[in-house]
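Chemist: This is the structure, below, for whatever I ask next.
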Amino acid sequence: MSSVITESFVASGANIVDACRRYTLFEWSAQSHVDPIPVARAKGVHFWTPEGKRFIDFNSQLMCVNIGHGDERVIRAVQEQVASLAYVNPFLASEVRARLGMKLAQLCPGDIDTFFFTNGGSEANENAIRIARLCTGRHKILARYRSYHGGTAGSLTLTGDPRRWPAEPGIPGVIRVAHPYHGMHRESDSAPTALAAIEEIIQLEGPHTIAAFILEPVTGTNGVLPPPPGYLEGVRELCTRHGILMIADEVMSGFGRTGAWFAVDHWGVVPDILTMAKGLTSAYVPLGAVGVRRSIAEYFQSNVLYGGLTYNSHPLGCAAALATIGVYEEDNLIERAKERGILMASLLESLKAKHPSVGATRSIGLFGIVELVRNRTTLEPLAPFNGTSPEMQALGRFFRDAGLYTFVRWNTFFANPPLSISEAELHEAFEIIDRALTITDQAVVM
Ligand SMILES: Cc1ncc(COP(=O)(O)O)c(C=O)c1O
């Protein structure tokens, strides 16, 4: 054991960063490249370093703190829960678990009314595919490119982005299909084209071997991509016709992010299984869930649900979720996300009109993204697929210096503020973005 002197540790921003880098590992990164912002506290749409530098949280951390930071109603609910019953094992029953199950049954689409709780989104997806395999007796899972479903073995195999590559070959039985979006510089598929391609793969694989098709109804980190008109309805129909269970991964798109409780609600589609996490508790405490339709819940009345976790239905997670849902309802946050989303879409549109480096903007509710280009005619991205560029790095540095926190990924950056953001705060963030884009504009060949 190395000798570490913790008594004299002074929690300055620099010391926190040094010790985190020295004694802990950061995810998805070569450790020498990480340069984290030290964070001491957070409230509303802002967070602060120990030295008091303020950031506007324009990504709701990891697209999860949907209600904003430091909400007293959730804090109190978790405090009360920890004091009365901090933990109970998942073979026992608790009031908070009962109440959360009932509440989610009210909010979820169609007859999705039964829930299996996990610690987060990856575990929700692991259990969703297990459930699909158990109740169909089939083993293949269809998943899409340009997707993210989690960092554990199965969920990472489902994932259609470069984070999967080092973990290959992954779990057996996962078949990937194309996403209708092929990048800014290529044409997107219409729903009929995309659906015909999926159906061909279903035929070639053998429909009777396919348990489920998992997809993000609105793709998240791979580009904030709403489906083309008719696509989700078509996927629903294909799945029904072939006895394939449709799994909607709403880990990022759920709980108001798109201006509806769940993204599928925009298209009136009821999946067979719906996975959630992030906004479920607004990340105050980790919790994920798998919601299933009545017929699947009934299957497990007489068949064993082979799956379990020590922290399944953790009372603190359930208390945080119930209180968070209470905040969405009390503050009308779902409706508000829809309204603010209209303002955000127009602010994004003005960026595109003004800045030559803005090749495309997309948003639905408060789920938004900007794609930057080097060439306005060819739409060549400002950074390559899975890469970065000096201009994107400079943009990231500008945001950081100016006190705007968001995700800068490849040639894109995200606009995913807490749903509680005010109009003034939204304008404040866009004013910083407007200034920042003068950097990337300089790289553009007209
Ligand atoms: C769509 C989607 N599914 C699953 C996950 C994995 O969730 P978690 O990181 O909570 O395990 C994420 C996380 O970003 C996600 O965006």
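Identifiers in this document derive from the order of the structure tokens: chains are assigned A, B, ..., residues are numbered from 1 separately in each chain, and ligands are numbered from 1 in order of occurrence.
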Enumerate as a PyMOL selection string the residues within 6 Å of ligand 1, counting only C-alpha atoms and all ligand atoms.
Modeler: chain A and resi 120-122+148-150+216+220+249+251-252+277
Chemist: Generate the output file for the selected residues, C-alpha atoms, as a compact mmCIF listing (two decimals), in the first residue's frame.
Modeler:
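Output file part.txt is given in full below:
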# COMPACT_ATOMS: atom_id res chain seq x y z
CA GLY A 120 -29.04 2.22 -13.96
CA GLY A 121 -29.64 2.06 -17.68
CA SER A 122 -27.11 -0.61 -18.66
CA TYR A 148 -25.68 3.54 -27.13
CA HIS A 149 -27.24 1.05 -24.74
CA GLY A 150 -24.72 0.90 -21.90
CA GLU A 216 -33.61 4.42 -28.80
CA GLY A 220 -29.14 10.21 -27.90
CA ASP A 249 -34.50 2.30 -24.61
CA VAL A 251 -32.83 5.85 -20.62
CA MET A 252 -31.92 9.22 -22.12
CA ALA A 277 -32.90 5.41 -15.74
Chemist: Extract, using only C-alpha atoms, all DNA, RNA and protein residues at most 12 Å from Pro162 of chain A, discarding same-chain residues fewer than 5 positions from it, and format them as a list of chain:residue names.
Modeler: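 In the requested format, the answer is A:Trp28, A:Tyr145, A:Arg146, A:Ser147, A:Tyr148, A:Gly151, A:Leu156, A:Thr157, A:Ala167, A:Glu168, A:Thr221, A:Asn222, A:Phe385, A:Asn386, A:Gly387, A:Trp410.
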Chemist: How many Å lie between atom CA of Arg97 of chain A and atom CA of Leu85 of chain A, rounded to one decimal?
Modeler: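 Atom-to-atom, atom CA of Arg97 of chain A to atom CA of Leu85 of chain A, that is 11.6 Å.
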Chemist: Per DSSP on the backbone, what are the strand (DSSP E or B) residues of segment 81-303 of chain A, as a short mmCIF file (atom, residue, chain, number, x, y, z; two decimals) with N, CA and C atoms, in the first residue's frame?
Modeler:
data_model
loop_
_atom_site.label_atom_id
_atom_site.label_comp_id
_atom_site.auth_asym_id
_atom_site.auth_seq_id
_atom_site.Cartn_x
_atom_site.Cartn_y
_atom_site.Cartn_z
N ILE A 112 -48.06 -0.99 -20.20
CA ILE A 112 -46.79 -1.20 -19.49
C ILE A 112 -47.06 -0.83 -18.03
N ASP A 113 -47.17 -1.83 -17.18
CA ASP A 113 -47.62 -1.52 -15.82
C ASP A 113 -46.90 -2.32 -14.74
N THR A 114 -45.77 -2.97 -15.13
CA THR A 114 -45.04 -3.77 -14.14
C THR A 114 -43.54 -3.51 -14.34
N PHE A 115 -42.80 -3.40 -13.22
CA PHE A 115 -41.44 -2.86 -13.30
C PHE A 115 -40.43 -3.70 -12.53
N PHE A 116 -39.25 -3.84 -13.14
CA PHE A 116 -38.13 -4.49 -12.48
C PHE A 116 -37.07 -3.40 -12.31
N PHE A 117 -36.63 -3.18 -11.06
CA PHE A 117 -35.73 -2.06 -10.80
C PHE A 117 -34.26 -2.50 -10.79
N THR A 118 -33.42 -1.60 -11.31
CA THR A 118 -31.98 -1.86 -11.43
C THR A 118 -31.22 -0.65 -10.89
N LYS A 140 -31.93 -14.30 -30.54
CA LYS A 140 -31.25 -13.18 -31.21
C LYS A 140 -31.89 -11.84 -30.81
N ILE A 141 -31.05 -10.82 -30.81
CA ILE A 141 -31.54 -9.47 -30.51
C ILE A 141 -31.11 -8.55 -31.66
N LEU A 142 -32.05 -7.82 -32.22
CA LEU A 142 -31.72 -6.82 -33.23
C LEU A 142 -31.41 -5.51 -32.51
N ALA A 143 -30.34 -4.85 -32.98
CA ALA A 143 -29.99 -3.55 -32.42
C ALA A 143 -29.49 -2.69 -33.58
N ARG A 144 -29.37 -1.40 -33.36
CA ARG A 144 -29.00 -0.53 -34.48
C ARG A 144 -27.59 0.03 -34.33
N VAL A 174 -26.33 -10.97 -31.13
CA VAL A 174 -26.77 -9.60 -31.43
C VAL A 174 -26.56 -9.31 -32.92
N ILE A 175 -27.64 -8.90 -33.58
CA ILE A 175 -27.59 -8.58 -35.01
C ILE A 175 -27.84 -7.09 -35.16
N ARG A 176 -26.96 -6.41 -35.85
CA ARG A 176 -27.15 -4.96 -35.97
C ARG A 176 -27.74 -4.56 -37.32
N VAL A 177 -28.63 -3.58 -37.28
CA VAL A 177 -29.23 -3.06 -38.51
C VAL A 177 -28.86 -1.58 -38.62
N ILE A 210 -35.58 -14.50 -33.49
CA ILE A 210 -35.32 -13.14 -32.97
C ILE A 210 -36.27 -12.82 -31.81
N ALA A 211 -35.68 -12.58 -30.64
CA ALA A 211 -36.47 -12.30 -29.44
C ALA A 211 -36.94 -10.85 -29.42
N ALA A 212 -36.05 -9.94 -29.78
CA ALA A 212 -36.38 -8.52 -29.56
C ALA A 212 -35.62 -7.62 -30.51
N PHE A 213 -36.16 -6.43 -30.67
CA PHE A 213 -35.48 -5.34 -31.40
C PHE A 213 -35.37 -4.19 -30.41
N ILE A 214 -34.13 -3.82 -30.06
CA ILE A 214 -33.94 -2.71 -29.11
C ILE A 214 -33.53 -1.46 -29.87
N LEU A 215 -34.16 -0.34 -29.54
CA LEU A 215 -33.78 0.92 -30.17
C LEU A 215 -34.09 2.10 -29.26
N THR A 219 -32.58 8.81 -30.88
CA THR A 219 -31.18 8.47 -30.59
C THR A 219 -30.51 9.58 -29.80
N LEU A 225 -31.27 12.13 -32.76
CA LEU A 225 -31.88 11.84 -34.06
C LEU A 225 -33.31 11.35 -33.88
N LEU A 245 -40.28 -8.85 -29.77
CA LEU A 245 -40.62 -7.83 -28.77
C LEU A 245 -39.88 -6.53 -29.08
N MET A 246 -40.59 -5.44 -29.01
CA MET A 246 -39.98 -4.13 -29.25
C MET A 246 -39.53 -3.54 -27.90
N ILE A 247 -38.23 -3.29 -27.80
CA ILE A 247 -37.70 -2.67 -26.56
C ILE A 247 -37.35 -1.23 -26.87
N ALA A 248 -38.01 -0.29 -26.21
CA ALA A 248 -37.66 1.12 -26.35
C ALA A 248 -36.70 1.48 -25.22
N ASP A 249 -35.48 1.86 -25.60
CA ASP A 249 -34.50 2.30 -24.61
C ASP A 249 -34.73 3.80 -24.41
N ILE A 273 -41.43 -3.53 -24.13
CA ILE A 273 -40.58 -3.32 -22.96
C ILE A 273 -40.01 -1.91 -23.07
N LEU A 274 -39.98 -1.19 -21.95
CA LEU A 274 -39.44 0.17 -21.97
C LEU A 274 -38.41 0.27 -20.85
N THR A 275 -37.18 0.65 -21.22
CA THR A 275 -36.16 0.78 -20.17
C THR A 275 -35.93 2.26 -19.86
N MET A 276 -35.63 2.52 -18.60
CA MET A 276 -35.46 3.91 -18.15
C MET A 276 -34.40 3.98 -17.05
N GLY A 288 -32.53 2.46 -12.16
CA GLY A 288 -33.05 2.20 -13.50
C GLY A 288 -34.26 1.30 -13.36
N ALA A 289 -34.97 1.10 -14.46
CA ALA A 289 -36.13 0.21 -14.42
C ALA A 289 -36.41 -0.36 -15.79
N VAL A 290 -36.97 -1.56 -15.77
CA VAL A 290 -37.48 -2.18 -16.98
C VAL A 290 -38.99 -2.26 -16.80
N GLY A 291 -39.72 -1.61 -17.71
CA GLY A 291 -41.19 -1.69 -17.65
C GLY A 291 -41.66 -2.70 -18.69
N VAL A 292 -42.60 -3.55 -18.31
CA VAL A 292 -43.10 -4.54 -19.27
C VAL A 292 -44.62 -4.48 -19.38
N ARG A 293 -45.09 -4.89 -20.57
CA ARG A 293 -46.54 -4.94 -20.78
C ARG A 293 -47.15 -6.08 -19.98
#
Chemist: Apply DSSP to the backbone of this structure and, from segment 218-408 of chain A, keep only the residues in helix (DSSP H, G or I); write these as an MDAnalysis selection string.
Modeler: chainID A and resid 231:242 263:267 278:280 294:302 315:330 333:354 390:402
Chemist: Counting only C-alpha atoms, what is within 12 Å of Glu200 of chain A, bar same-chain residues fewer than 5 positions away, as a PyMOL selection string?
Modeler: chain A and resi 177-178+193-195+205-207+238
Chemist: Can I get the selection written as a JSON list (two decimals), in the first residue's frame, with N, CA, C and O atoms?
Modeler:
[["chain", "number", "residue", "atom", "x", "y", "z"],
["A", 177, "VAL", "N", -28.63, -3.58, -37.28],
["A", 177, "VAL", "CA", -29.23, -3.06, -38.51],
["A", 177, "VAL", "C", -28.86, -1.58, -38.62],
["A", 177, "VAL", "O", -28.47, -0.96, -37.63],
["A", 178, "ALA", "N", -29.00, -1.05, -39.83],
["A", 178, "ALA", "CA", -28.60, 0.35, -40.06],
["A", 178, "ALA", "C", -29.59, 1.30, -39.39],
["A", 178, "ALA", "O", -30.76, 0.98, -39.20],
["A", 193, "THR", "N", -37.92, 2.94, -46.76],
["A", 193, "THR", "CA", -36.62, 2.36, -47.14],
["A", 193, "THR", "C", -35.97, 1.68, -45.94],
["A", 193, "THR", "O", -35.48, 0.55, -46.02],
["A", 194, "ALA", "N", -35.96, 2.39, -44.80],
["A", 194, "ALA", "CA", -35.31, 1.83, -43.60],
["A", 194, "ALA", "C", -36.03, 0.56, -43.15],
["A", 194, "ALA", "O", -35.39, -0.43, -42.78],
["A", 195, "LEU", "N", -37.35, 0.58, -43.20],
["A", 195, "LEU", "CA", -38.12, -0.57, -42.71],
["A", 195, "LEU", "C", -37.94, -1.78, -43.63],
["A", 195, "LEU", "O", -37.85, -2.92, -43.16],
["A", 205, "GLU", "N", -32.32, -13.60, -41.12],
["A", 205, "GLU", "CA", -31.93, -14.20, -39.83],
["A", 205, "GLU", "C", -32.92, -15.27, -39.37],
["A", 205, "GLU", "O", -32.58, -16.12, -38.55],
["A", 206, "GLY", "N", -34.14, -15.18, -39.86],
["A", 206, "GLY", "CA", -35.19, -16.11, -39.39],
["A", 206, "GLY", "C", -35.97, -15.47, -38.27],
["A", 206, "GLY", "O", -35.47, -15.41, -37.13],
["A", 207, "PRO", "N", -37.18, -14.97, -38.57],
["A", 207, "PRO", "CA", -37.95, -14.26, -37.54],
["A", 207, "PRO", "C", -38.14, -15.09, -36.27],
["A", 207, "PRO", "O", -38.13, -14.54, -35.17],
["A", 238, "LEU", "N", -43.71, -4.18, -37.66],
["A", 238, "LEU", "CA", -42.80, -5.29, -38.04],
["A", 238, "LEU", "C", -42.62, -6.26, -36.87],
["A", 238, "LEU", "O", -42.68, -7.48, -37.04]]
Chemist: Select, from A:Ala323, A:Leu419, A:Leu366, A:Leu382, the residue with the minimum atom-to-atom distance to Glu72 of chain A, counting only C-alpha atoms.
Modeler: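 Closest to Glu72 of chain A, using only C-alpha atoms: A:Ala323.
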Chemist: Looking at only C-alpha atoms, which of A:Val373, A:Val304, A:Leu351, A:Val45 is the one that sits closest to Phe430 of chain A?
Modeler: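 That would be A:Leu351, the residue with the smallest distance to Phe430 of chain A.
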Chemist: If you measure from atom CA of Phe9 of chain A to atom CA of Glu27 of chain A, what distance in Å do you get, rounded to one decimal?
Modeler: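 Distance between the two atoms: 24.4 Å.
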Chemist: Return the single residue from A:Val444, A:Val408, A:Ile325, A:Ala383 that is closest to Gln106 of chain A, with distances computed using only C-alpha atoms.
Modeler: A:Ile325
Chemist: For segment 333-346 of chain A, find every residue with an atom within 9 Å (counting only C-alpha atoms), except residues of its own chain fewer than 6 positions away, and show them as an MDAnalysis selection string.
Modeler: chainID A and resid 66:67 255:261 327 361:368 415 418:423 426:427 430
Chemist: At what distance in Å, to one decimal, does atom CA of Val34 of chain A lie from atom CA of Glu431 of chain A?
Modeler: 27.2 Å
Chemist: Tell me which protein, DNA and RNA residues are within 12 Å of Arg374 of chain A, counting only C-alpha atoms, leaving out same-chain ones fewer than 3 positions away, and put them as a list in words.
Modeler: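 Neighbouring residues, sequence-local ones excluded: His185, His355, Pro356, Ser357, Val358, Gly359, Glu371, Thr377, Thr378, Leu379, Glu380, Pro381, Leu382, Ala383, Pro384, Ser389, Pro390, Glu391, Met392, Asn411, Ile439, Thr440, Asp441, Gln442, Ala443, Val444, Val445 and Met446 of chain A.
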Chemist: Residues near Ser94 of chain A, anyone? I mean within 10 Å using only C-alpha atoms, not counting same-chain ones fewer than 2 positions away, as a list in words.
Modeler: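 Final neighbour list, sorted by chain and number: Leu85, Tyr87, Val88, Asn89, Pro90, Phe91, Leu92, Val96, Arg97, Ala98, Arg99, Ser313, His314, Pro315 and Cys318 of chain A.
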Chemist: Only N, CA and C atoms, please: the residues just picked out, written as an mmCIF file, in the first residue's frame.
Modeler:
data_model
loop_
_atom_site.group_PDB
_atom_site.id
_atom_site.type_symbol
_atom_site.label_atom_id
_atom_site.label_comp_id
_atom_site.auth_asym_id
_atom_site.auth_seq_id
_atom_site.Cartn_x
_atom_site.Cartn_y
_atom_site.Cartn_z
ATOM 1 N N LEU A 85 -35.855 3.708 6.469
ATOM 2 C CA LEU A 85 -35.514 2.392 5.933
ATOM 3 C C LEU A 85 -34.524 2.604 4.790
ATOM 4 N N TYR A 87 -32.334 0.485 3.533
ATOM 5 C CA TYR A 87 -32.182 -0.645 2.609
ATOM 6 C C TYR A 87 -33.042 -1.801 3.074
ATOM 7 N N VAL A 88 -33.584 -2.512 2.109
ATOM 8 C CA VAL A 88 -34.270 -3.754 2.415
ATOM 9 C C VAL A 88 -33.994 -4.652 1.223
ATOM 10 N N ASN A 89 -33.787 -5.942 1.461
ATOM 11 C CA ASN A 89 -33.380 -6.763 0.319
ATOM 12 C C ASN A 89 -34.550 -6.981 -0.640
ATOM 13 N N PRO A 90 -34.232 -7.233 -1.904
ATOM 14 C CA PRO A 90 -35.292 -7.214 -2.929
ATOM 15 C C PRO A 90 -36.293 -8.367 -2.856
ATOM 16 N N PHE A 91 -36.068 -9.359 -1.978
ATOM 17 C CA PHE A 91 -37.080 -10.403 -1.795
ATOM 18 C C PHE A 91 -38.197 -9.921 -0.868
ATOM 19 N N LEU A 92 -37.955 -8.793 -0.174
ATOM 20 C CA LEU A 92 -38.966 -8.234 0.734
ATOM 21 C C LEU A 92 -39.709 -7.091 0.019
ATOM 22 N N VAL A 96 -42.219 2.226 -0.404
ATOM 23 C CA VAL A 96 -41.729 3.123 -1.446
ATOM 24 C C VAL A 96 -41.637 2.398 -2.786
ATOM 25 N N ARG A 97 -41.307 1.121 -2.758
ATOM 26 C CA ARG A 97 -41.277 0.307 -3.971
ATOM 27 C C ARG A 97 -42.702 0.146 -4.535
ATOM 28 N N ALA A 98 -43.647 -0.112 -3.624
ATOM 29 C CA ALA A 98 -45.048 -0.265 -4.034
ATOM 30 C C ALA A 98 -45.556 1.023 -4.683
ATOM 31 N N ARG A 99 -45.274 2.141 -4.025
ATOM 32 C CA ARG A 99 -45.771 3.431 -4.539
ATOM 33 C C ARG A 99 -45.148 3.770 -5.885
ATOM 34 N N SER A 313 -34.707 -2.446 -6.517
ATOM 35 C CA SER A 313 -35.741 -1.739 -5.729
ATOM 36 C C SER A 313 -35.163 -1.065 -4.488
ATOM 37 N N HIS A 314 -33.954 -0.541 -4.605
ATOM 38 C CA HIS A 314 -33.325 0.112 -3.441
ATOM 39 C C HIS A 314 -34.222 1.248 -2.943
ATOM 40 N N PRO A 315 -34.550 1.239 -1.659
ATOM 41 C CA PRO A 315 -35.480 2.261 -1.163
ATOM 42 C C PRO A 315 -35.032 3.703 -1.434
ATOM 43 N N CYS A 318 -35.846 4.390 -5.027
ATOM 44 C CA CYS A 318 -37.310 4.493 -5.208
ATOM 45 C C CYS A 318 -37.832 5.807 -4.630
#
